[in-house]
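J.: Sharing run.csv (CSV, N, CA and C atoms) below.
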```
chain,number,residue,atom,x,y,z
A,23,MET,N,-6.9,-2.8,58.2
A,23,MET,CA,-5.9,-2.3,57.3
A,23,MET,C,-5.5,-3.4,56.3
A,24,LYS,N,-5.4,-4.7,56.7
A,24,LYS,CA,-5.0,-5.8,55.8
A,24,LYS,C,-6.2,-6.0,54.8
A,25,VAL,N,-7.4,-5.8,55.2
A,25,VAL,CA,-8.5,-6.0,54.3
A,25,VAL,C,-8.5,-4.9,53.3
A,26,THR,N,-8.2,-3.7,53.6
A,26,THR,CA,-8.2,-2.6,52.6
A,26,THR,C,-7.1,-2.8,51.6
A,27,ILE,N,-5.9,-3.3,52.1
A,27,ILE,CA,-4.8,-3.5,51.1
A,27,ILE,C,-5.1,-4.7,50.2
A,28,THR,N,-5.8,-5.7,50.7
A,28,THR,CA,-6.2,-6.9,49.9
A,28,THR,C,-7.2,-6.4,48.9
A,29,ILE,N,-8.2,-5.6,49.3
A,29,ILE,CA,-9.2,-5.1,48.3
A,29,ILE,C,-8.6,-4.3,47.2
A,30,VAL,N,-7.7,-3.4,47.6
A,30,VAL,CA,-7.0,-2.5,46.6
A,30,VAL,C,-6.2,-3.4,45.7
A,31,ALA,N,-5.4,-4.4,46.2
A,31,ALA,CA,-4.6,-5.2,45.3
A,31,ALA,C,-5.5,-6.0,44.4
A,32,ALA,N,-6.6,-6.6,44.9
A,32,ALA,CA,-7.6,-7.3,44.0
A,32,ALA,C,-8.2,-6.4,43.0
A,33,THR,N,-8.5,-5.2,43.3
A,33,THR,CA,-9.1,-4.3,42.3
A,33,THR,C,-8.1,-3.9,41.2
A,34,ILE,N,-6.8,-3.7,41.6
A,34,ILE,CA,-5.8,-3.4,40.6
A,34,ILE,C,-5.6,-4.6,39.7
A,35,ALA,N,-5.5,-5.8,40.3
A,35,ALA,CA,-5.3,-7.0,39.5
A,35,ALA,C,-6.5,-7.2,38.5
A,36,LEU,N,-7.7,-7.0,38.9
A,36,LEU,CA,-8.9,-7.1,38.0
A,36,LEU,C,-8.9,-6.1,37.0
A,37,ALA,N,-8.5,-4.8,37.3
A,37,ALA,CA,-8.5,-3.7,36.4
A,37,ALA,C,-7.4,-4.0,35.3
A,38,GLY,N,-6.3,-4.6,35.7
A,38,GLY,CA,-5.2,-4.9,34.8
A,38,GLY,C,-5.6,-6.0,33.8
A,39,SER,N,-6.3,-7.0,34.3
A,39,SER,CA,-6.8,-8.1,33.5
A,39,SER,C,-7.8,-7.6,32.5
A,40,ALA,N,-8.7,-6.7,32.9
A,40,ALA,CA,-9.8,-6.1,32.0
A,40,ALA,C,-9.1,-5.3,31.0
A,41,ALA,N,-8.1,-4.5,31.4
A,41,ALA,CA,-7.4,-3.6,30.4
A,41,ALA,C,-6.7,-4.5,29.3
A,42,ASN,N,-6.1,-5.5,29.7
A,42,ASN,CA,-5.4,-6.4,28.8
A,42,ASN,C,-6.4,-7.1,27.8
A,43,ALA,N,-7.5,-7.5,28.4
A,43,ALA,CA,-8.5,-8.1,27.5
A,43,ALA,C,-9.1,-7.1,26.5
A,44,GLN,N,-9.4,-5.9,27.0
A,44,GLN,CA,-9.9,-4.9,26.2
A,44,GLN,C,-8.9,-4.5,25.1
A,45,GLY,N,-7.6,-4.3,25.6
A,45,GLY,CA,-6.6,-3.9,24.7
A,45,GLY,C,-6.4,-4.9,23.5
A,46,ALA,N,-6.4,-6.2,23.8
A,46,ALA,CA,-6.2,-7.2,22.8
A,46,ALA,C,-7.4,-7.1,21.8
A,47,ALA,N,-8.6,-7.0,22.3
A,47,ALA,CA,-9.8,-6.9,21.5
A,47,ALA,C,-9.8,-5.6,20.7
A,48,GLY,N,-9.4,-4.5,21.4
A,48,GLY,CA,-9.4,-3.2,20.8
A,48,GLY,C,-8.5,-3.1,19.6
A,49,HIS,N,-7.4,-3.8,19.6
A,49,HIS,CA,-6.4,-3.7,18.5
A,49,HIS,C,-6.9,-4.5,17.3
A,50,ALA,N,-7.8,-5.4,17.5
A,50,ALA,CA,-8.3,-6.1,16.3
A,50,ALA,C,-9.0,-5.2,15.3
A,51,GLY,N,-9.5,-4.1,15.7
A,51,GLY,CA,-10.1,-3.2,14.8
A,51,GLY,C,-9.1,-2.4,14.0
A,52,HIS,N,-7.9,-2.4,14.4
A,52,HIS,CA,-6.9,-1.6,13.6
A,52,HIS,C,-6.4,-2.3,12.3
A,53,ALA,N,-6.5,-3.6,12.3
A,53,ALA,CA,-6.1,-4.3,11.1
A,53,ALA,C,-7.3,-4.5,10.2
A,54,PRO,N,-7.1,-4.4,8.9
A,54,PRO,CA,-8.2,-4.6,8.0
A,54,PRO,C,-8.7,-6.1,8.0
A,55,ALA,N,-9.9,-6.3,7.9
A,55,ALA,CA,-10.5,-7.6,7.9
A,55,ALA,C,-10.0,-8.3,6.6
A,56,PRO,N,-9.7,-9.6,6.7
A,56,PRO,CA,-9.3,-10.3,5.5
A,56,PRO,C,-10.5,-10.4,4.6
A,57,SER,N,-10.3,-10.3,3.3
A,57,SER,CA,-11.4,-10.4,2.4
A,57,SER,C,-10.9,-11.2,1.1
A,58,ALA,N,-11.8,-11.7,0.4
A,58,ALA,CA,-11.5,-12.5,-0.8
A,58,ALA,C,-10.8,-11.6,-1.8
A,59,ALA,N,-11.3,-10.4,-2.0
A,59,ALA,CA,-10.8,-9.5,-3.0
A,59,ALA,C,-10.3,-8.2,-2.2
A,60,ALA,N,-9.0,-8.1,-2.2
A,60,ALA,CA,-8.4,-6.9,-1.5
A,60,ALA,C,-8.7,-5.7,-2.4
A,61,PRO,N,-8.9,-4.5,-1.8
A,61,PRO,CA,-9.2,-3.3,-2.7
A,61,PRO,C,-7.9,-3.0,-3.5
A,62,ALA,N,-8.1,-2.5,-4.7
A,62,ALA,CA,-7.0,-2.1,-5.6
A,62,ALA,C,-6.4,-0.9,-5.1
A,63,ALA,N,-5.1,-0.7,-5.3
A,63,ALA,CA,-4.4,0.5,-4.9
A,63,ALA,C,-4.9,1.6,-5.8
A,64,ALA,N,-4.9,2.8,-5.2
A,64,ALA,CA,-5.4,4.0,-5.9
A,64,ALA,C,-4.4,4.2,-7.1
A,65,MET,N,-5.0,4.7,-8.2
A,65,MET,CA,-4.2,4.9,-9.4
A,65,MET,C,-3.5,6.3,-9.3
A,66,SER,N,-2.3,6.4,-9.8
A,66,SER,CA,-1.5,7.6,-9.8
A,66,SER,C,-1.5,8.1,-11.2
A,67,GLU,N,-1.2,9.4,-11.4
A,67,GLU,CA,-1.1,10.0,-12.7
A,67,GLU,C,0.3,10.2,-13.1
A,68,ALA,N,0.6,10.1,-14.4
A,68,ALA,CA,1.9,10.2,-14.9
A,68,ALA,C,1.9,10.5,-16.4
A,69,GLU,N,3.1,10.9,-16.9
A,69,GLU,CA,3.4,11.1,-18.3
A,69,GLU,C,4.4,10.1,-18.7
A,70,VAL,N,4.2,9.4,-19.8
A,70,VAL,CA,5.1,8.4,-20.2
A,70,VAL,C,6.3,9.1,-20.9
A,71,ARG,N,7.5,8.8,-20.5
A,71,ARG,CA,8.7,9.4,-21.0
A,71,ARG,C,9.4,8.5,-22.0
A,72,LYS,N,9.4,7.2,-21.7
A,72,LYS,CA,10.0,6.2,-22.6
A,72,LYS,C,9.4,4.9,-22.4
A,73,VAL,N,9.3,4.1,-23.5
A,73,VAL,CA,8.8,2.7,-23.4
A,73,VAL,C,9.9,1.8,-24.0
A,74,ASP,N,10.4,0.9,-23.2
A,74,ASP,CA,11.4,-0.1,-23.7
A,74,ASP,C,10.8,-1.5,-23.7
A,75,LYS,N,10.2,-1.8,-24.8
A,75,LYS,CA,9.5,-3.1,-24.9
A,75,LYS,C,10.4,-4.3,-24.8
A,76,ALA,N,11.6,-4.1,-25.4
A,76,ALA,CA,12.6,-5.2,-25.3
A,76,ALA,C,13.0,-5.6,-23.9
A,77,ALA,N,13.1,-4.5,-23.1
A,77,ALA,CA,13.6,-4.8,-21.7
A,77,ALA,C,12.4,-4.9,-20.7
A,78,GLY,N,11.1,-4.7,-21.2
A,78,GLY,CA,10.0,-4.8,-20.4
A,78,GLY,C,9.9,-3.6,-19.3
A,79,LYS,N,10.4,-2.4,-19.7
A,79,LYS,CA,10.4,-1.3,-18.8
A,79,LYS,C,9.8,-0.1,-19.4
A,80,ILE,N,9.3,0.8,-18.4
A,80,ILE,CA,8.7,2.1,-18.8
A,80,ILE,C,9.2,3.2,-17.9
A,81,THR,N,9.5,4.3,-18.5
A,81,THR,CA,9.9,5.5,-17.7
A,81,THR,C,8.7,6.4,-17.6
A,82,LEU,N,8.4,6.7,-16.3
A,82,LEU,CA,7.2,7.6,-16.1
A,82,LEU,C,7.7,8.8,-15.2
A,83,LYS,N,7.1,10.0,-15.6
A,83,LYS,CA,7.2,11.2,-14.8
A,83,LYS,C,5.9,11.2,-14.0
A,84,HIS,N,5.9,10.8,-12.7
A,84,HIS,CA,4.7,10.5,-12.0
A,84,HIS,C,4.5,11.4,-10.8
A,85,GLY,N,3.2,11.4,-10.4
A,85,GLY,CA,2.8,12.1,-9.2
A,85,GLY,C,3.1,11.1,-8.0
A,86,PRO,N,2.6,11.5,-6.8
A,86,PRO,CA,2.8,10.6,-5.7
A,86,PRO,C,2.2,9.2,-5.9
A,87,ILE,N,2.8,8.2,-5.3
A,87,ILE,CA,2.3,6.9,-5.3
A,87,ILE,C,2.1,6.5,-3.9
A,88,PRO,N,0.9,6.7,-3.3
A,88,PRO,CA,0.7,6.5,-1.9
A,88,PRO,C,1.0,5.1,-1.3
A,89,ASN,N,0.6,4.1,-2.1
A,89,ASN,CA,0.7,2.7,-1.5
A,89,ASN,C,2.1,2.3,-1.4
A,90,ILE,N,3.1,2.9,-2.1
A,90,ILE,CA,4.5,2.5,-1.8
A,90,ILE,C,5.2,3.7,-1.3
A,91,GLU,N,4.5,4.7,-0.8
A,91,GLU,CA,5.0,5.9,-0.2
A,91,GLU,C,6.1,6.6,-1.0
A,92,MET,N,5.8,6.8,-2.3
A,92,MET,CA,6.8,7.4,-3.2
A,92,MET,C,6.4,8.8,-3.6
A,93,PRO,N,7.3,9.8,-3.5
A,93,PRO,CA,6.9,11.1,-3.9
A,93,PRO,C,7.0,11.3,-5.4
A,94,PRO,N,6.5,12.4,-6.0
A,94,PRO,CA,6.6,12.6,-7.4
A,94,PRO,C,8.1,12.6,-7.9
A,95,MET,N,8.3,12.0,-9.0
A,95,MET,CA,9.6,11.9,-9.6
A,95,MET,C,9.5,11.3,-11.0
A,96,THR,N,10.6,11.2,-11.7
A,96,THR,CA,10.7,10.5,-12.9
A,96,THR,C,11.6,9.3,-12.7
A,97,MET,N,11.1,8.1,-13.0
A,97,MET,CA,11.9,6.9,-12.8
A,97,MET,C,11.4,5.8,-13.8
A,98,VAL,N,12.3,4.7,-13.8
A,98,VAL,CA,12.0,3.6,-14.6
A,98,VAL,C,11.4,2.5,-13.8
A,99,PHE,N,10.3,1.9,-14.3
A,99,PHE,CA,9.6,0.8,-13.7
A,99,PHE,C,9.7,-0.4,-14.6
A,100,ASN,N,9.6,-1.6,-14.0
A,100,ASN,CA,9.4,-2.8,-14.7
A,100,ASN,C,7.9,-2.9,-15.1
A,101,ALA,N,7.6,-3.6,-16.1
A,101,ALA,CA,6.1,-3.8,-16.4
A,101,ALA,C,5.8,-5.2,-16.0
A,102,ALA,N,4.7,-5.3,-15.2
A,102,ALA,CA,4.3,-6.7,-14.7
A,102,ALA,C,4.0,-7.6,-15.9
A,103,GLU,N,3.4,-7.0,-17.0
A,103,GLU,CA,3.1,-7.8,-18.2
A,103,GLU,C,3.6,-7.0,-19.4
A,104,PRO,N,4.5,-7.6,-20.2
A,104,PRO,CA,5.0,-6.8,-21.3
A,104,PRO,C,4.0,-6.3,-22.2
A,105,ALA,N,2.9,-7.0,-22.4
A,105,ALA,CA,1.8,-6.6,-23.3
A,105,ALA,C,1.2,-5.2,-22.9
A,106,MET,N,1.3,-4.8,-21.7
A,106,MET,CA,0.7,-3.5,-21.3
A,106,MET,C,1.5,-2.4,-21.9
A,107,LEU,N,2.7,-2.6,-22.3
A,107,LEU,CA,3.5,-1.5,-22.9
A,107,LEU,C,3.1,-1.2,-24.3
A,108,ASP,N,2.3,-2.2,-25.0
A,108,ASP,CA,1.8,-1.9,-26.3
A,108,ASP,C,0.7,-0.9,-26.3
A,109,ARG,N,0.1,-0.6,-25.2
A,109,ARG,CA,-1.0,0.3,-25.1
A,109,ARG,C,-0.6,1.8,-24.9
A,110,VAL,N,0.7,2.0,-24.7
A,110,VAL,CA,1.1,3.4,-24.4
A,110,VAL,C,2.4,3.7,-25.2
A,111,LYS,N,2.6,5.1,-25.3
A,111,LYS,CA,3.8,5.5,-26.0
A,111,LYS,C,4.3,6.8,-25.3
A,112,ALA,N,5.6,7.2,-25.6
A,112,ALA,CA,6.1,8.4,-25.0
A,112,ALA,C,5.2,9.6,-25.3
A,113,GLY,N,5.0,10.4,-24.3
A,113,GLY,CA,4.2,11.5,-24.4
A,113,GLY,C,2.7,11.3,-23.9
A,114,ASP,N,2.3,10.1,-23.8
A,114,ASP,CA,0.9,9.8,-23.3
A,114,ASP,C,0.8,10.2,-21.8
A,115,LYS,N,-0.4,10.7,-21.5
A,115,LYS,CA,-0.8,10.9,-20.1
A,115,LYS,C,-1.5,9.6,-19.7
A,116,VAL,N,-1.1,9.0,-18.5
A,116,VAL,CA,-1.7,7.8,-18.1
A,116,VAL,C,-2.0,7.8,-16.6
A,117,ARG,N,-2.8,6.8,-16.2
A,117,ARG,CA,-3.1,6.5,-14.8
A,117,ARG,C,-2.5,5.1,-14.7
A,118,PHE,N,-1.9,4.8,-13.5
A,118,PHE,CA,-1.3,3.5,-13.3
A,118,PHE,C,-1.3,3.2,-11.8
A,119,THR,N,-1.0,1.9,-11.6
A,119,THR,CA,-0.7,1.4,-10.2
A,119,THR,C,0.6,0.8,-10.3
A,120,ALA,N,1.3,0.8,-9.2
A,120,ALA,CA,2.6,0.2,-9.1
A,120,ALA,C,2.8,-0.4,-7.7
A,121,ASP,N,3.7,-1.3,-7.6
A,121,ASP,CA,4.0,-2.0,-6.3
A,121,ASP,C,5.4,-2.4,-6.4
A,122,LYS,N,6.0,-2.8,-5.2
A,122,LYS,CA,7.3,-3.3,-5.2
A,122,LYS,C,7.2,-4.9,-5.2
A,123,ILE,N,7.7,-5.5,-6.3
A,123,ILE,CA,7.6,-6.9,-6.5
A,123,ILE,C,9.0,-7.5,-6.7
A,124,GLY,N,9.3,-8.4,-5.8
A,124,GLY,CA,10.7,-9.0,-5.9
A,124,GLY,C,11.8,-7.9,-5.7
A,125,GLY,N,11.5,-6.9,-4.9
A,125,GLY,CA,12.5,-5.8,-4.7
A,125,GLY,C,12.6,-4.8,-5.9
A,126,GLN,N,11.7,-4.9,-6.9
A,126,GLN,CA,11.7,-4.0,-8.0
A,126,GLN,C,10.4,-3.3,-8.1
A,127,TYR,N,10.5,-2.0,-8.4
A,127,TYR,CA,9.2,-1.2,-8.6
A,127,TYR,C,8.6,-1.6,-9.9
A,128,THR,N,7.4,-2.0,-9.9
A,128,THR,CA,6.7,-2.6,-11.0
A,128,THR,C,5.4,-1.9,-11.3
A,129,VAL,N,5.1,-1.6,-12.5
A,129,VAL,CA,3.8,-1.1,-12.9
A,129,VAL,C,2.9,-2.4,-13.1
A,130,THR,N,1.8,-2.4,-12.3
A,130,THR,CA,0.9,-3.5,-12.3
A,130,THR,C,-0.3,-3.3,-13.2
A,131,ARG,N,-0.6,-2.0,-13.5
A,131,ARG,CA,-1.8,-1.7,-14.3
A,131,ARG,C,-1.5,-0.3,-14.9
A,132,ILE,N,-1.9,-0.1,-16.1
A,132,ILE,CA,-1.7,1.2,-16.8
A,132,ILE,C,-2.8,1.4,-17.8
A,133,GLU,N,-3.3,2.7,-17.9
A,133,GLU,CA,-4.3,3.0,-18.9
A,133,GLU,C,-4.1,4.4,-19.3
A,134,PRO,N,-4.2,4.7,-20.6
A,134,PRO,CA,-4.1,6.1,-21.1
A,134,PRO,C,-5.3,6.9,-20.6
A,135,THR,N,-5.1,8.2,-20.3
A,135,THR,CA,-6.2,9.0,-19.9
A,135,THR,C,-6.6,9.8,-21.2
A,136,LYS,N,-7.8,10.4,-21.1
A,136,LYS,CA,-8.3,11.1,-22.3
A,136,LYS,C,-8.2,12.6,-22.1
```
Could the structure of this file be written out as C-alpha cells, please?

T.:
Amino acid sequence: MKVTITIVAATIALAGSAANAQGAAGHAGHAPAPSAAAPAAAMSEAEVRKVDKAAGKITLKHGPIPNIEMPPMTMVFNAAEPAMLDRVKAGDKVRFTADKIGGQYTVTRIEPTK
C-alpha cells in the first residue's frame, strides 16, 4: 500500500512539473515576437470637420479605431506633426492612424482618400 501511495504521489508531482514547464513555454506563443519594425496600426476612415493649425488640432468624424478600442464618434485629436494639417481641410475624406500619446489622443498619420 505504501508503494502505491508513493508511486501516485511521485506521478502527481512529475505531472505538475511537466504542466508548469509546458504552461510557461506555451504562453510564450501568446505574446508577439519582438521585431525591429513593429507593424503599423490599421488605418481608420474619417471626415475632417475642422482643422486648427494654430492649436495643432484636428476634429474628425471617424469610424472605429481598433488599436485604441474607440468606437465611431466625432472628436478633436492632437496632430503628432503640425505639418500634417497642411495636407487636409474641412470636408476631406481621410484615412488616419491615431494613438494615445502622453495621455492625449493623437493623429500620427493622415492621408486624403480619393

J.: Identify which of the residues A:Val70, A:Ala105, A:Met92, A:Val116 lies closest to Glu133 of chain A, counting only N, CA and C atoms when measuring atom-to-atom distances.

T.: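 Closest to Glu133 of chain A of all the choices is A:Val116.
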
J.: So which one's closest to Pro134 of chain A, A:Lys111, A:Arg71, A:His84, A:Lys122? Using only C-alpha atoms, please.

T.: A:Lys111

J.: For Asn100 of chain A, which of A:Lys72, A:Gly124, A:Lys136, A:Lys79 is the closest residue, counting only C-alpha atoms?

T.: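 Result for the nearest residue to Asn100 of chain A: A:Lys79.
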
J.: May I ask which of the residues A:Gly113, A:Pro104, A:Pro93, A:Pro86 is the closest one to Thr128 of chain A, counting only C-alpha atoms?

T.: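 Among the listed residues, A:Pro104 lies closest to Thr128 of chain A.
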
J.: So that I can see what lies close to Thr81 of chain A, please list as a VMD selection string the residues with an atom at most 7 Å from it, counting all atoms listed in the file and leaving out residues fewer than 5 positions away in the same chain.

T.: chain A and resid 69 to 74 96 to 99

J.: If you run DSSP on the backbone, which residues of segment 48-129 of chain A are strand (DSSP E), as a ChimeraX atom specification?

T.: /A:66-74,79-84,95-101,115-123,126-129

J.: Given only C-alpha atoms as the basis, pick out the residue of A:Ala64, A:Lys75, A:Ile90, A:Gln126 nearest to Ala112 of chain A.

T.: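 Nearest to Ala112 of chain A: A:Lys75.
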
J.: Atom N of Arg117 of chain A and atom C of Thr130 of chain A, how far apart in Å?

T.: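 According to the coordinates, atom C of Thr130 of chain A and atom N of Arg117 of chain A are separated by 10.8 Å.
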
J.: For the atom pair atom CA of Asn89 of chain A and atom C of Ala76 of chain A, what is the interatomic distance in Å to one decimal place?

T.: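 Distance reported for this atom pair: 26.9 Å.
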
J.: Mind pulling up the distance from atom C of Ile87 of chain A to atom CA of Tyr127 of chain A?

T.: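 That distance, rounded to one decimal, is 11.5 Å.
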